[in-house]
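Trainee: Next comes data_34.csv, CSV, C-alpha atoms and all ligand atoms:
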```
chain,number,residue,atom,x,y,z
G,278,MET,CA,-7.3,-19.1,-6.3
G,279,LYS,CA,-3.7,-20.4,-6.4
G,280,THR,CA,-1.7,-20.7,-3.2
G,281,ILE,CA,1.6,-18.8,-3.0
G,282,SER,CA,4.5,-20.3,-1.1
G,283,ILE,CA,7.2,-18.0,0.2
G,284,ASP,CA,10.7,-19.2,0.9
G,285,THR,CA,11.1,-18.7,4.7
G,286,PRO,CA,14.9,-19.1,4.8
G,287,TRP,CA,15.1,-16.2,2.3
G,288,THR,CA,12.6,-14.0,4.3
G,289,SER,CA,14.4,-14.6,7.5
G,290,SER,CA,17.7,-13.7,6.0
G,291,LEU,CA,16.4,-10.2,5.2
G,292,PRO,CA,17.4,-7.3,7.4
G,293,HIS,CA,14.6,-5.5,9.2
G,294,PRO,CA,13.7,-3.1,7.9
G,295,TRP,CA,15.0,-4.1,4.5
G,296,ILE,CA,16.1,-0.8,2.8
G,297,ILE,CA,16.6,-0.7,-1.0
G,298,ALA,CA,18.0,2.6,-2.2
G,299,GLY,CA,19.5,4.0,-5.4
G,300,PRO,CA,18.7,6.2,-8.3
G,301,CYS,CA,15.4,6.2,-10.2
G,302,SER,CA,17.5,5.7,-13.3
G,303,ALA,CA,21.1,4.7,-13.9
G,304,GLU,CA,22.3,7.7,-16.0
G,305,THR,CA,26.1,7.6,-16.2
G,306,PRO,CA,28.8,5.3,-14.7
G,307,GLU,CA,29.9,8.2,-12.4
G,308,GLN,CA,26.4,9.0,-11.1
G,309,LEU,CA,25.8,5.3,-10.3
G,310,ARG,CA,29.2,4.9,-8.6
G,311,THR,CA,28.8,8.0,-6.5
G,312,THR,CA,25.3,7.0,-5.3
G,313,ALA,CA,26.1,3.4,-4.7
G,314,SER,CA,29.3,4.0,-2.8
G,315,ALA,CA,27.7,6.6,-0.5
G,316,LEU,CA,24.9,4.2,0.2
G,317,VAL,CA,27.1,1.2,0.8
G,318,ALA,CA,29.2,3.3,3.2
G,319,GLN,CA,26.0,3.9,5.2
G,320,GLY,CA,25.5,0.1,5.5
G,321,ILE,CA,22.9,-0.3,2.8
G,322,THR,CA,23.0,-3.8,1.4
G,323,THR,CA,20.6,-3.6,-1.5
G,324,LEU,CA,20.8,-1.0,-4.3
G,325,ARG,CA,18.3,-0.2,-7.0
G,326,ALA,CA,18.6,1.4,-10.4
G,327,GLY,CA,16.3,1.7,-13.3
G,328,ILE,CA,17.8,0.5,-16.6
G,329,TRP,CA,14.7,0.5,-18.8
G,330,LYS,CA,12.3,3.2,-17.8
G,331,PRO,CA,8.6,3.0,-18.4
G,332,ARG,CA,7.8,6.7,-19.1
G,333,THR,CA,4.2,8.0,-19.2
G,334,ARG,CA,4.9,10.3,-22.3
G,335,PRO,CA,7.1,9.5,-25.2
G,336,GLY,CA,10.2,11.6,-25.7
G,337,SER,CA,11.4,11.5,-22.1
G,338,PHE,CA,14.5,9.7,-21.1
G,339,SER,CA,13.7,6.0,-21.2
G,340,GLY,CA,16.8,4.5,-19.6
G,341,VAL,CA,20.3,3.8,-20.9
G,342,GLY,CA,19.5,0.1,-21.3
G,343,VAL,CA,22.0,-2.8,-21.6
G,344,PRO,CA,25.2,-0.7,-21.1
G,345,ALA,CA,24.1,0.1,-17.5
G,346,LEU,CA,24.2,-3.6,-16.7
G,347,GLN,CA,27.9,-3.5,-17.3
G,348,TRP,CA,28.3,-0.5,-14.9
G,349,ILE,CA,26.5,-2.6,-12.3
G,350,GLN,CA,28.7,-5.6,-13.0
G,351,GLU,CA,31.8,-3.4,-12.4
G,352,LEU,CA,30.3,-1.9,-9.2
G,353,LYS,CA,29.5,-5.4,-7.9
G,354,GLN,CA,33.3,-6.1,-8.0
G,355,GLU,CA,34.0,-3.0,-5.9
G,356,LEU,CA,31.1,-2.8,-3.5
G,357,GLU,CA,29.5,-5.4,-1.2
G,358,ALA,CA,25.8,-5.1,-2.1
G,359,LYS,CA,23.0,-6.8,-4.0
G,360,TRP,CA,21.4,-5.0,-7.0
G,361,ALA,CA,17.8,-4.8,-7.9
G,362,ILE,CA,16.4,-3.6,-11.3
G,363,GLU,CA,13.1,-3.4,-13.0
G,364,VAL,CA,12.3,-5.9,-15.8
G,365,ALA,CA,9.3,-5.4,-18.1
G,366,HIS,CA,10.0,-8.0,-20.8
G,367,PRO,CA,11.5,-11.5,-21.2
G,368,GLU,CA,14.5,-9.9,-23.0
G,369,HIS,CA,15.1,-7.7,-19.9
G,370,VAL,CA,15.0,-10.8,-17.7
G,371,GLU,CA,17.5,-12.6,-19.9
G,372,ALA,CA,19.9,-9.7,-20.0
G,373,ALA,CA,19.6,-9.1,-16.2
G,374,LEU,CA,20.2,-12.7,-15.3
G,375,LYS,CA,23.2,-12.9,-17.7
G,376,ALA,CA,24.6,-9.8,-16.0
G,377,GLY,CA,24.2,-11.5,-12.5
G,378,ILE,CA,21.6,-9.0,-11.2
G,379,ASP,CA,20.5,-10.3,-7.8
G,380,ILE,CA,16.9,-9.1,-7.5
G,381,LEU,CA,14.3,-8.2,-10.1
G,382,TRP,CA,11.2,-6.1,-9.7
G,383,ILE,CA,8.1,-5.8,-11.8
G,384,GLY,CA,6.9,-2.2,-12.2
G,385,ALA,CA,3.4,-0.8,-11.7
G,386,ARG,CA,2.8,-0.4,-15.4
G,387,SER,CA,3.6,-4.1,-16.0
G,388,THR,CA,1.7,-5.5,-13.0
G,389,VAL,CA,-1.5,-4.2,-14.6
G,390,ASN,CA,-1.0,-6.4,-17.7
G,391,PRO,CA,-1.5,-10.1,-17.1
G,392,PHE,CA,0.0,-10.9,-20.6
G,393,THR,CA,3.2,-9.1,-19.6
G,394,VAL,CA,3.4,-10.6,-16.2
G,395,GLN,CA,2.9,-14.1,-17.7
G,396,GLU,CA,5.6,-13.6,-20.3
G,397,ILE,CA,8.0,-12.4,-17.5
G,398,ALA,CA,7.0,-15.4,-15.3
G,399,ASP,CA,7.5,-17.8,-18.2
G,400,SER,CA,11.0,-16.4,-18.8
G,401,LEU,CA,11.8,-17.1,-15.1
G,402,LYS,CA,10.9,-20.8,-15.2
G,403,GLY,CA,13.5,-22.8,-13.3
G,404,VAL,CA,15.3,-19.6,-12.1
G,405,ASP,CA,16.0,-19.0,-8.4
G,406,VAL,CA,15.9,-15.3,-8.1
G,407,PRO,CA,14.0,-12.9,-5.8
G,408,VAL,CA,11.2,-11.0,-7.6
G,409,LEU,CA,9.4,-8.0,-6.1
G,410,VAL,CA,6.1,-7.0,-7.5
G,411,LYS,CA,5.0,-3.4,-7.4
G,412,ASN,CA,1.3,-2.8,-7.0
G,413,PRO,CA,-0.6,-2.2,-10.3
G,414,ILE,CA,-1.3,1.5,-11.1
G,415,ASN,CA,-5.0,1.0,-10.5
G,416,PRO,CA,-6.2,0.1,-7.0
G,417,ASP,CA,-7.0,-3.6,-7.9
G,418,LEU,CA,-5.8,-6.1,-5.3
G,419,SER,CA,-6.7,-9.0,-7.6
G,420,LEU,CA,-4.3,-7.9,-10.2
G,421,TRP,CA,-1.5,-7.6,-7.6
G,422,MET,CA,-2.3,-11.0,-6.2
G,423,GLY,CA,-2.6,-12.4,-9.8
G,424,ALA,CA,0.9,-11.2,-10.7
G,425,LEU,CA,2.3,-12.9,-7.5
G,426,GLU,CA,0.4,-16.1,-8.4
G,427,ARG,CA,1.8,-16.1,-11.9
G,428,LEU,CA,5.3,-15.9,-10.5
G,429,SER,CA,4.6,-18.5,-7.9
G,430,GLY,CA,3.1,-20.7,-10.6
G,431,VAL,CA,6.5,-21.0,-12.4
G,432,GLY,CA,8.3,-21.8,-9.1
G,433,ILE,CA,9.5,-18.4,-7.8
G,434,THR,CA,9.4,-18.6,-4.0
G,435,GLN,CA,11.6,-15.5,-3.1
G,436,LEU,CA,8.7,-13.2,-3.6
G,437,GLY,CA,8.0,-9.7,-2.2
G,438,ALA,CA,5.6,-6.8,-2.8
G,439,ILE,CA,6.2,-3.1,-3.2
G,440,HIS,CA,3.5,-0.6,-2.3
G,441,ARG,CA,4.1,2.5,-4.6
G,442,GLY,CA,0.6,4.0,-4.5
G,443,PHE,CA,-2.2,4.1,-7.1
G,444,SER,CA,-3.1,6.5,-9.9
G,445,ALA,CA,-6.1,8.6,-9.4
G,446,PHE,CA,-7.6,11.6,-11.2
G,447,GLN,CA,-7.3,13.5,-7.9
G,448,THR,CA,-4.4,12.6,-5.8
G,449,GLY,CA,-4.1,15.5,-3.2
G,450,PRO,CA,-0.6,15.9,-1.9
G,451,TYR,CA,0.5,12.5,-3.3
G,452,ARG,CA,1.7,11.6,-6.8
G,453,ASN,CA,0.1,8.2,-6.2
G,454,LEU,CA,-2.7,7.7,-3.7
G,455,PRO,CA,-1.4,5.4,-0.9
G,456,ALA,CA,-4.8,3.6,-0.3
G,457,TRP,CA,-3.1,1.9,2.7
G,458,HIS,CA,-6.0,-0.6,3.2
G,459,LEU,CA,-5.0,-2.4,0.0
G,460,PRO,CA,-1.4,-3.4,0.9
G,461,ILE,CA,-2.7,-4.1,4.5
G,462,GLU,CA,-5.3,-6.5,3.0
G,463,LEU,CA,-2.5,-8.1,0.8
G,464,LYS,CA,-0.4,-8.6,4.0
G,465,ARG,CA,-3.5,-10.1,5.8
G,466,ARG,CA,-3.9,-12.6,2.9
G,467,LEU,CA,-0.2,-13.4,2.6
G,468,PRO,CA,1.4,-12.7,6.0
G,469,GLU,CA,4.7,-14.3,5.0
G,470,LEU,CA,5.2,-12.0,2.0
G,471,PRO,CA,7.7,-9.3,2.6
G,472,LEU,CA,5.9,-6.0,2.0
G,473,LEU,CA,8.0,-2.9,1.2
G,474,CYS,CA,6.8,0.7,0.8
G,475,ASP,CA,8.1,3.0,-1.9
G,476,PRO,CA,7.6,6.5,-0.5
G,477,SER,CA,9.3,8.1,-3.4
G,478,HIS,CA,6.7,7.1,-5.9
G,479,ILE,CA,3.8,7.5,-3.5
G,480,GLY,CA,4.8,11.0,-2.5
G,481,GLY,CA,6.3,12.2,-5.8
G,482,ASP,CA,8.0,14.9,-3.7
G,483,ARG,CA,11.1,14.6,-1.5
G,484,SER,CA,9.4,16.3,1.4
G,485,LEU,CA,6.9,13.4,1.7
G,486,ILE,CA,9.5,10.6,1.9
G,487,PHE,CA,10.0,10.8,5.7
G,488,PRO,CA,6.3,11.0,6.7
G,489,VAL,CA,5.3,8.2,4.3
G,490,SER,CA,8.2,6.0,5.4
G,491,GLN,CA,7.4,6.5,9.1
G,492,LYS,CA,3.7,5.6,8.4
G,493,ALA,CA,4.9,2.4,6.7
G,494,MET,CA,7.1,1.5,9.7
G,495,ASP,CA,4.2,2.2,12.1
G,496,LEU,CA,2.1,-0.2,10.0
G,497,ASN,CA,4.8,-2.9,10.4
G,498,TYR,CA,6.0,-2.9,6.8
G,499,ASP,CA,9.1,-5.1,6.2
G,500,GLY,CA,11.1,-2.5,4.3
G,501,LEU,CA,11.4,0.6,2.1
G,502,MET,CA,12.5,1.4,-1.4
G,503,ILE,CA,13.8,5.0,-1.7
G,504,GLU,CA,15.2,6.8,-4.7
G,505,THR,CA,18.5,8.6,-4.1
G,506,HIS,CA,20.6,10.6,-6.5
G,507,PRO,CA,23.8,12.7,-6.0
G,508,ALA,CA,22.2,15.8,-7.6
G,509,PRO,CA,18.4,15.1,-7.4
G,510,ASP,CA,17.3,18.3,-9.2
G,511,ALA,CA,19.4,17.4,-12.2
G,512,ALA,CA,18.2,13.8,-12.3
G,513,TRP,CA,17.1,12.6,-15.7
G,514,SER,CA,13.9,11.1,-14.3
G,515,ASP,CA,11.8,11.7,-11.2
G,516,ALA,CA,13.9,14.7,-10.1
G,517,LYS,CA,11.4,16.0,-7.6
G,518,GLN,CA,11.2,12.9,-5.5
G,519,GLN,CA,14.8,11.9,-5.2
G,520,VAL,CA,17.1,12.7,-2.3
G,521,THR,CA,20.8,13.0,-1.9
G,522,PRO,CA,22.5,10.1,-0.1
G,523,ALA,CA,23.2,12.5,2.8
G,524,ARG,CA,19.5,13.4,3.2
G,525,PHE,CA,18.6,9.7,2.8
G,526,GLN,CA,20.8,8.9,5.8
G,527,GLU,CA,19.0,11.6,7.9
G,528,ILE,CA,15.7,10.1,6.9
G,529,ILE,CA,16.7,6.6,7.8
G,530,GLU,CA,18.3,7.6,11.1
G,531,GLY,CA,15.2,9.7,12.0
G,532,LEU,CA,12.8,6.8,11.5
G,533,ARG,CA,11.2,5.2,14.6
G,534,VAL,CA,11.2,1.4,13.8
G,535,PRO,CA,8.8,-0.4,16.2
G,536,SER,CA,9.4,-4.1,16.7
G,537,PRO,CA,6.8,-6.3,15.1
G,538,SER,CA,5.5,-7.6,18.4
G,539,SER,CA,6.6,-8.2,22.0
G,540,ASN,CA,6.5,-11.2,24.4
G,541,GLN,CA,7.3,-9.1,27.4
G,542,GLN,CA,4.8,-10.2,30.2
G,543,ASP,CA,3.8,-6.6,31.4
G,544,TYR,CA,3.2,-5.6,27.8
G,545,VAL,CA,1.1,-8.7,27.0
G,546,ASN,CA,-1.0,-8.3,30.2
G,547,HIS,CA,-1.7,-4.7,29.8
G,548,LEU,CA,-2.6,-5.2,26.1
G,549,GLU,CA,-5.0,-8.0,27.1
G,550,THR,CA,-6.7,-5.7,29.6
G,551,LEU,CA,-7.1,-2.9,27.0
G,552,ARG,CA,-8.4,-5.3,24.4
G,553,ASP,CA,-10.9,-6.7,26.8
G,554,GLN,CA,-12.2,-3.1,27.4
G,555,ILE,CA,-12.4,-2.6,23.6
G,556,ASP,CA,-14.4,-5.9,23.3
G,557,HIS,CA,-16.9,-4.6,25.9
G,558,THR,CA,-17.1,-1.2,24.2
G,559,ASP,CA,-17.8,-2.9,20.9
G,560,ARG,CA,-20.7,-4.8,22.4
G,561,ASP,CA,-22.1,-1.5,23.7
G,562,ILE,CA,-21.8,0.0,20.3
G,563,LEU,CA,-23.5,-3.0,18.7
G,564,GLU,CA,-26.3,-2.9,21.3
G,565,ALA,CA,-26.8,0.8,20.6
G,566,LEU,CA,-26.9,0.2,16.9
G,567,ALA,CA,-29.5,-2.6,17.4
G,568,ARG,CA,-31.6,-0.1,19.5
G,569,ARG,CA,-31.3,2.5,16.7
G,570,MET,CA,-32.4,-0.1,14.1
G,571,ASP,CA,-35.5,-1.0,16.2
G,572,LEU,CA,-36.4,2.7,16.4
G,573,VAL,CA,-35.8,3.0,12.6
G,574,LYS,CA,-38.2,0.1,12.1
G,575,GLU,CA,-40.8,1.8,14.2
G,576,VAL,CA,-40.4,5.0,12.2
G,577,GLY,CA,-40.8,2.9,9.0
G,578,GLU,CA,-44.0,1.4,10.3
G,579,TYR,CA,-45.4,4.8,11.3
G,580,LYS,CA,-44.6,6.2,7.9
G,581,ARG,CA,-46.3,3.3,6.2
G,582,GLU,CA,-49.5,3.8,8.4
G,583,ASN,CA,-49.5,7.4,7.4
G,584,ASN,CA,-48.6,6.7,3.7
G,585,VAL,CA,-45.5,9.0,3.9
G,586,ALA,CA,-42.3,8.5,1.8
G,587,ILE,CA,-39.3,6.9,3.5
G,588,LEU,CA,-36.6,9.4,2.5
G,589,GLN,CA,-37.2,12.7,4.3
G,590,MET,CA,-34.4,14.9,3.0
G,591,ASP,CA,-34.5,17.6,5.7
G,592,ARG,CA,-34.2,15.0,8.5
G,593,TRP,CA,-31.3,13.3,6.7
G,594,GLU,CA,-29.6,16.6,6.2
G,595,GLU,CA,-30.0,17.4,9.9
G,596,VAL,CA,-28.5,14.0,10.9
G,597,PHE,CA,-25.7,14.4,8.5
G,598,ARG,CA,-24.9,17.9,9.8
G,599,THR,CA,-25.3,17.4,13.6
G,600,ARG,CA,-23.5,14.0,14.0
G,601,PRO,CA,-20.1,15.3,12.8
G,602,GLU,CA,-20.6,18.4,15.1
G,603,TRP,CA,-21.4,16.2,18.1
G,604,ALA,CA,-18.4,14.0,17.1
G,605,ARG,CA,-16.0,17.0,17.1
G,606,LEU,CA,-17.1,17.8,20.7
G,607,LEU,CA,-16.1,14.2,21.6
G,608,ASN,CA,-12.7,14.6,19.8
G,609,LEU,CA,-13.7,12.2,17.1
G,610,ASP,CA,-12.7,12.7,13.5
G,611,ALA,CA,-15.6,14.4,11.7
G,612,ASP,CA,-14.8,12.7,8.4
G,613,PHE,CA,-14.8,9.3,10.0
G,614,ILE,CA,-18.3,10.0,11.5
G,615,ARG,CA,-19.6,11.3,8.2
G,616,ASP,CA,-18.5,8.1,6.5
G,617,LEU,CA,-20.0,6.1,9.3
G,618,TYR,CA,-23.3,7.9,9.2
G,619,ASN,CA,-23.5,7.4,5.4
G,620,LEU,CA,-23.4,3.7,6.1
G,621,VAL,CA,-25.9,4.0,9.0
G,622,HIS,CA,-28.2,6.0,6.8
G,623,GLN,CA,-28.1,3.4,3.9
G,624,ALA,CA,-28.8,0.6,6.4
G,625,SER,CA,-31.7,2.7,7.9
G,626,ILE,CA,-33.3,3.3,4.5
G,627,LYS,CA,-32.9,-0.4,3.7
G,628,GLN,CA,-34.6,-1.3,7.0
G,629,GLN,CA,-37.5,1.0,6.3
G,630,GLU,CA,-37.9,-0.2,2.8
G,631,ALA,CA,-38.2,-3.7,4.2
G,632,VAL,CA,-40.9,-2.6,6.6
G,633,VAL,CA,-42.8,-0.6,3.9
G,634,ASN,CA,-42.7,-3.3,1.3
G,635,GLN,CA,-43.6,-6.1,3.6
G,636,THR,CA,-46.9,-7.5,2.6
G,637,PRO,CA,-48.9,-8.5,5.6
G,638,SER,CA,-49.4,-12.3,5.8
G,639,PRO,CA,-53.0,-13.4,5.1
G,640,ASP,CA,-53.7,-14.5,8.7
G,641,ALA,CA,-52.1,-11.4,10.3
G,642,THR,CA,-55.3,-9.3,10.4
G,701,LIG,C1,10.7,3.1,-10.5
G,701,LIG,O1,10.8,2.4,-9.5
G,701,LIG,O2,11.5,3.9,-10.9
G,701,LIG,C2,9.4,3.0,-11.2
G,701,LIG,C3,9.3,3.3,-12.5
G,701,LIG,O3,8.4,2.7,-10.5
G,701,LIG,P1,6.8,2.4,-10.7
G,701,LIG,O4,6.7,1.1,-11.5
G,701,LIG,O5,6.4,2.2,-9.3
G,701,LIG,O6,6.2,3.6,-11.4
G,702,MN,MN,11.3,6.5,-10.4
```
As a first step, turn the structure in this file into structure tokens.
Mentor:
Amino acid sequence: MKTISIDTPWTSSLPHPWIIAGPCSAETPEQLRTTASALVAQGITTLRAGIWKPRTRPGSFSGVGVPALQWIQELKQELEAKWAIEVAHPEHVEAALKAGIDILWIGARSTVNPFTVQEIADSLKGVDVPVLVKNPINPDLSLWMGALERLSGVGITQLGAIHRGFSAFQTGPYRNLPAWHLPIELKRRLPELPLLCDPSHIGGDRSLIFPVSQKAMDLNYDGLMIETHPAPDAAWSDAKQQVTPARFQEIIEGLRVPSPSSNQQDYVNHLETLRDQIDHTDRDILEALARRMDLVKEVGEYKRENNVAILQMDRWEEVFRTRPEWARLLNLDADFIRDLYNLVHQASIKQQEAVVNQTPSPDAT
């Protein structure tokens, strides 16, 4: 496993939260100018626009390409903001750098492909530019880490990650499943890496942008990437998930942004007391689990003596039905308890199998 070093002067220069906003795709010079100027007037300092669009099905709008780079160059003269675009190919990198694009990002469909990521990384050798890596479309943390390692390997130190959710056959209310535990694990492994959330691609619907953004803030993300468009319903790509700059402003102003931590003495003391109580409670839980396992072992021995099968379906069904019911009375989430008892049941079966298959030692008569 390669180590990844992140440029600290760069990360500490970023605003908190770092908000990147702009259209899914650059469509026309007017559309780009209207969006960009409204956002900059709100104090947004990093803008996004898709120039080359990776579309799932052929025949849909796939980006205006190189001419949009010139629109951005012109807007850079007028507006005080940095620009971020997606690159999926060394030729994109070359054109973007030539046009003075400030930040590059690697899209979800490129992060899945180590060949593509390596080609992009090789084209960035010796270049000092921030690169943000979106999660791969499938929920595979190694691929995400691998892409960051490939970029780190060519000397990129201004690195960041964007959580845009994961493809799944069934996604529920989301276009892409958030699977929050994956970006959290990425952050645990790389605490210095700026982690942004892209609620537009997770939600796939503008009504989900606020709740997903708030969740990201509560989870201490470093920033957000949000798609904005002057006339979202008429957008040439991702129409359902874009918001007007005015709605974007309401969303940002409505967010509660907790501070990453606090050194305030009262806070530190009280937190310590609560954590102490949690430690005691966890010991109680573990002792109760150990008692349960001892009983399970006794049941296993008893079944063996009577030559009865380990798995008794009616008993398991009863446990699986009653525990979530008991949990509900205690205001515990029934799904959580169902998941927990699935694990408890697997461990119990394993314990009983160990008892049943244990061959008595020759001198244990
Ligand atoms: C985008 O940001 O417009 C985009 C195509 O994103 P993703 O790579 O997350 O699908
Ligand atoms: Mn998009």
Trainee: Using all atoms listed in the file, which residues of the polymer chains come no farther than 7 Å from ligand MN 702 (chain G)? I'd like the answer as a list of chain:residue names.
Mentor: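 Listed by chain and ascending number, the contacts are G:Cys301, G:Ser302, G:His478, G:Glu504, G:Ser514, G:Asp515.
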Trainee: Using the selection just defined, write its residues with C-alpha atoms as a short mmCIF file (atom, residue, chain, number, x, y, z; two decimals), in the coordinates of the input.
Mentor:
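Output contents, as saved in again_24.cif:
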```
data_model
loop_
_atom_site.label_atom_id
_atom_site.label_comp_id
_atom_site.auth_asym_id
_atom_site.auth_seq_id
_atom_site.Cartn_x
_atom_site.Cartn_y
_atom_site.Cartn_z
CA CYS G 301 15.40 6.20 -10.20
CA SER G 302 17.50 5.70 -13.30
CA HIS G 478 6.70 7.10 -5.90
CA GLU G 504 15.20 6.80 -4.70
CA SER G 514 13.90 11.10 -14.30
CA ASP G 515 11.80 11.70 -11.20
#
```
Trainee: Which of these, G:Gln435, G:Gln395, G:Thr388, G:Gln623, has the shortest distance to ligand LIG 701 (chain G) once you count only C-alpha atoms and all ligand atoms?
Mentor: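 With only C-alpha atoms and all ligand atoms as the atom set, the closest residue is G:Thr388.
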Trainee: May I ask you to write as a PDB file with C-alpha atoms, in the coordinates of the input all residues lying at most 6 Å from ligand LIG 701 (chain G), with only C-alpha atoms and all ligand atoms counted?
Mentor:
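See part_25.pdb below for the written result:
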```
ATOM      1  CA  CYS G 301      15.400   6.200 -10.200  1.00  0.00           C
ATOM      2  CA  GLY G 327      16.300   1.700 -13.300  1.00  0.00           C
ATOM      3  CA  PRO G 331       8.600   3.000 -18.400  1.00  0.00           C
ATOM      4  CA  GLY G 384       6.900  -2.200 -12.200  1.00  0.00           C
ATOM      5  CA  ALA G 385       3.400  -0.800 -11.700  1.00  0.00           C
ATOM      6  CA  ARG G 386       2.800  -0.400 -15.400  1.00  0.00           C
ATOM      7  CA  ARG G 441       4.100   2.500  -4.600  1.00  0.00           C
ATOM      8  CA  HIS G 478       6.700   7.100  -5.900  1.00  0.00           C
TER       9      HIS G 478
END
```
Trainee: Neighbours of region 310-318 of chain G within 8 Å (only C-alpha atoms; same-chain residues fewer than 4 positions away dropped), as a list in words?
Mentor: Ala298, Gly299, Pro300, Pro306, Thr322, Leu324, Leu352, Leu356, Glu357, Ala358, Thr505, His506, Pro507 and Pro522 of chain G
Trainee: So that I can see what lies close to Asn415 (chain G), please list as a ChimeraX atom specification the residues with an atom at most 10 Å from it, counting only C-alpha atoms and leaving out residues fewer than 2 positions away in the same chain.
Mentor: /G:385-386,388-389,412-413,417-418,420-421,442-445,453-454
Trainee: Quick one: distance from CA of Leu501 (chain G) to CA of Glu462 (chain G) in Å, one decimal?
Mentor: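 About the pair CA of Leu501 (chain G) and CA of Glu462 (chain G): they are 18.2 Å apart.
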Trainee: May I ask for the distance between CA of Asn634 (chain G) and CA of Leu566 (chain G), given in Å to one decimal place?
Mentor: 22.5 Å
Trainee: Under the rule that all atoms listed in the file are counted, which of G:Ala373, G:Phe597, G:Glu602, G:Ala567 is the nearest residue to Ser400 (chain G)?
Mentor: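 Counting all atoms listed in the file, the residue closest to Ser400 (chain G) is G:Ala373.
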Trainee: Just need region 528-541 of chain G in a file, please: N, CA, C and O atoms, as a PDB file, in the first residue's frame.
Mentor:
```
ATOM      1  N   ILE G 528     -30.271  27.055   0.108  1.00  0.00           N
ATOM      2  CA  ILE G 528     -29.766  25.781   0.652  1.00  0.00           C
ATOM      3  C   ILE G 528     -28.535  26.038   1.517  1.00  0.00           C
ATOM      4  O   ILE G 528     -28.455  25.596   2.657  1.00  0.00           O
ATOM      5  N   ILE G 529     -27.602  26.810   0.969  1.00  0.00           N
ATOM      6  CA  ILE G 529     -26.350  27.057   1.697  1.00  0.00           C
ATOM      7  C   ILE G 529     -26.633  27.833   2.981  1.00  0.00           C
ATOM      8  O   ILE G 529     -26.104  27.514   4.048  1.00  0.00           O
ATOM      9  N   GLU G 530     -27.501  28.835   2.888  1.00  0.00           N
ATOM     10  CA  GLU G 530     -27.789  29.629   4.090  1.00  0.00           C
ATOM     11  C   GLU G 530     -28.545  28.820   5.147  1.00  0.00           C
ATOM     12  O   GLU G 530     -28.449  29.104   6.331  1.00  0.00           O
ATOM     13  N   GLY G 531     -29.294  27.807   4.694  1.00  0.00           N
ATOM     14  CA  GLY G 531     -30.061  26.990   5.638  1.00  0.00           C
ATOM     15  C   GLY G 531     -29.239  25.922   6.333  1.00  0.00           C
ATOM     16  O   GLY G 531     -29.704  25.312   7.304  1.00  0.00           O
ATOM     17  N   LEU G 532     -28.022  25.683   5.849  1.00  0.00           N
ATOM     18  CA  LEU G 532     -27.223  24.592   6.428  1.00  0.00           C
ATOM     19  C   LEU G 532     -26.689  24.954   7.808  1.00  0.00           C
ATOM     20  O   LEU G 532     -26.233  26.076   8.034  1.00  0.00           O
ATOM     21  N   ARG G 533     -26.749  23.997   8.694  1.00  0.00           N
ATOM     22  CA  ARG G 533     -26.109  24.148  10.000  1.00  0.00           C
ATOM     23  C   ARG G 533     -24.714  23.550   9.839  1.00  0.00           C
ATOM     24  O   ARG G 533     -24.567  22.387   9.476  1.00  0.00           O
ATOM     25  N   VAL G 534     -23.699  24.373  10.053  1.00  0.00           N
ATOM     26  CA  VAL G 534     -22.336  23.871   9.873  1.00  0.00           C
ATOM     27  C   VAL G 534     -21.655  23.770  11.236  1.00  0.00           C
ATOM     28  O   VAL G 534     -21.209  24.770  11.790  1.00  0.00           O
ATOM     29  N   PRO G 535     -21.593  22.572  11.807  1.00  0.00           N
ATOM     30  CA  PRO G 535     -20.961  22.442  13.112  1.00  0.00           C
ATOM     31  C   PRO G 535     -19.455  22.600  12.990  1.00  0.00           C
ATOM     32  O   PRO G 535     -18.889  22.324  11.922  1.00  0.00           O
ATOM     33  N   SER G 536     -18.796  23.084  14.040  1.00  0.00           N
ATOM     34  CA  SER G 536     -17.335  23.189  13.929  1.00  0.00           C
ATOM     35  C   SER G 536     -16.738  21.795  14.156  1.00  0.00           C
ATOM     36  O   SER G 536     -17.311  20.974  14.871  1.00  0.00           O
ATOM     37  N   PRO G 537     -15.596  21.522  13.493  1.00  0.00           N
ATOM     38  CA  PRO G 537     -15.040  20.161  13.546  1.00  0.00           C
ATOM     39  C   PRO G 537     -14.811  19.646  14.968  1.00  0.00           C
ATOM     40  O   PRO G 537     -14.984  18.478  15.247  1.00  0.00           O
ATOM     41  N   SER G 538     -14.421  20.530  15.892  1.00  0.00           N
ATOM     42  CA  SER G 538     -14.250  20.098  17.288  1.00  0.00           C
ATOM     43  C   SER G 538     -14.255  21.343  18.165  1.00  0.00           C
ATOM     44  O   SER G 538     -14.389  22.460  17.661  1.00  0.00           O
ATOM     45  N   SER G 539     -14.115  21.147  19.489  1.00  0.00           N
ATOM     46  CA  SER G 539     -14.090  22.308  20.379  1.00  0.00           C
ATOM     47  C   SER G 539     -13.117  22.055  21.520  1.00  0.00           C
ATOM     48  O   SER G 539     -13.011  20.926  22.016  1.00  0.00           O
ATOM     49  N   ASN G 540     -12.377  23.102  21.941  1.00  0.00           N
ATOM     50  CA  ASN G 540     -11.456  22.971  23.077  1.00  0.00           C
ATOM     51  C   ASN G 540     -12.052  23.589  24.326  1.00  0.00           C
ATOM     52  O   ASN G 540     -11.407  23.661  25.359  1.00  0.00           O
ATOM     53  N   GLN G 541     -13.282  24.053  24.221  1.00  0.00           N
ATOM     54  CA  GLN G 541     -13.917  24.724  25.352  1.00  0.00           C
ATOM     55  C   GLN G 541     -13.997  23.765  26.540  1.00  0.00           C
ATOM     56  O   GLN G 541     -14.468  22.629  26.396  1.00  0.00           O
TER      57      GLN G 541
END
```
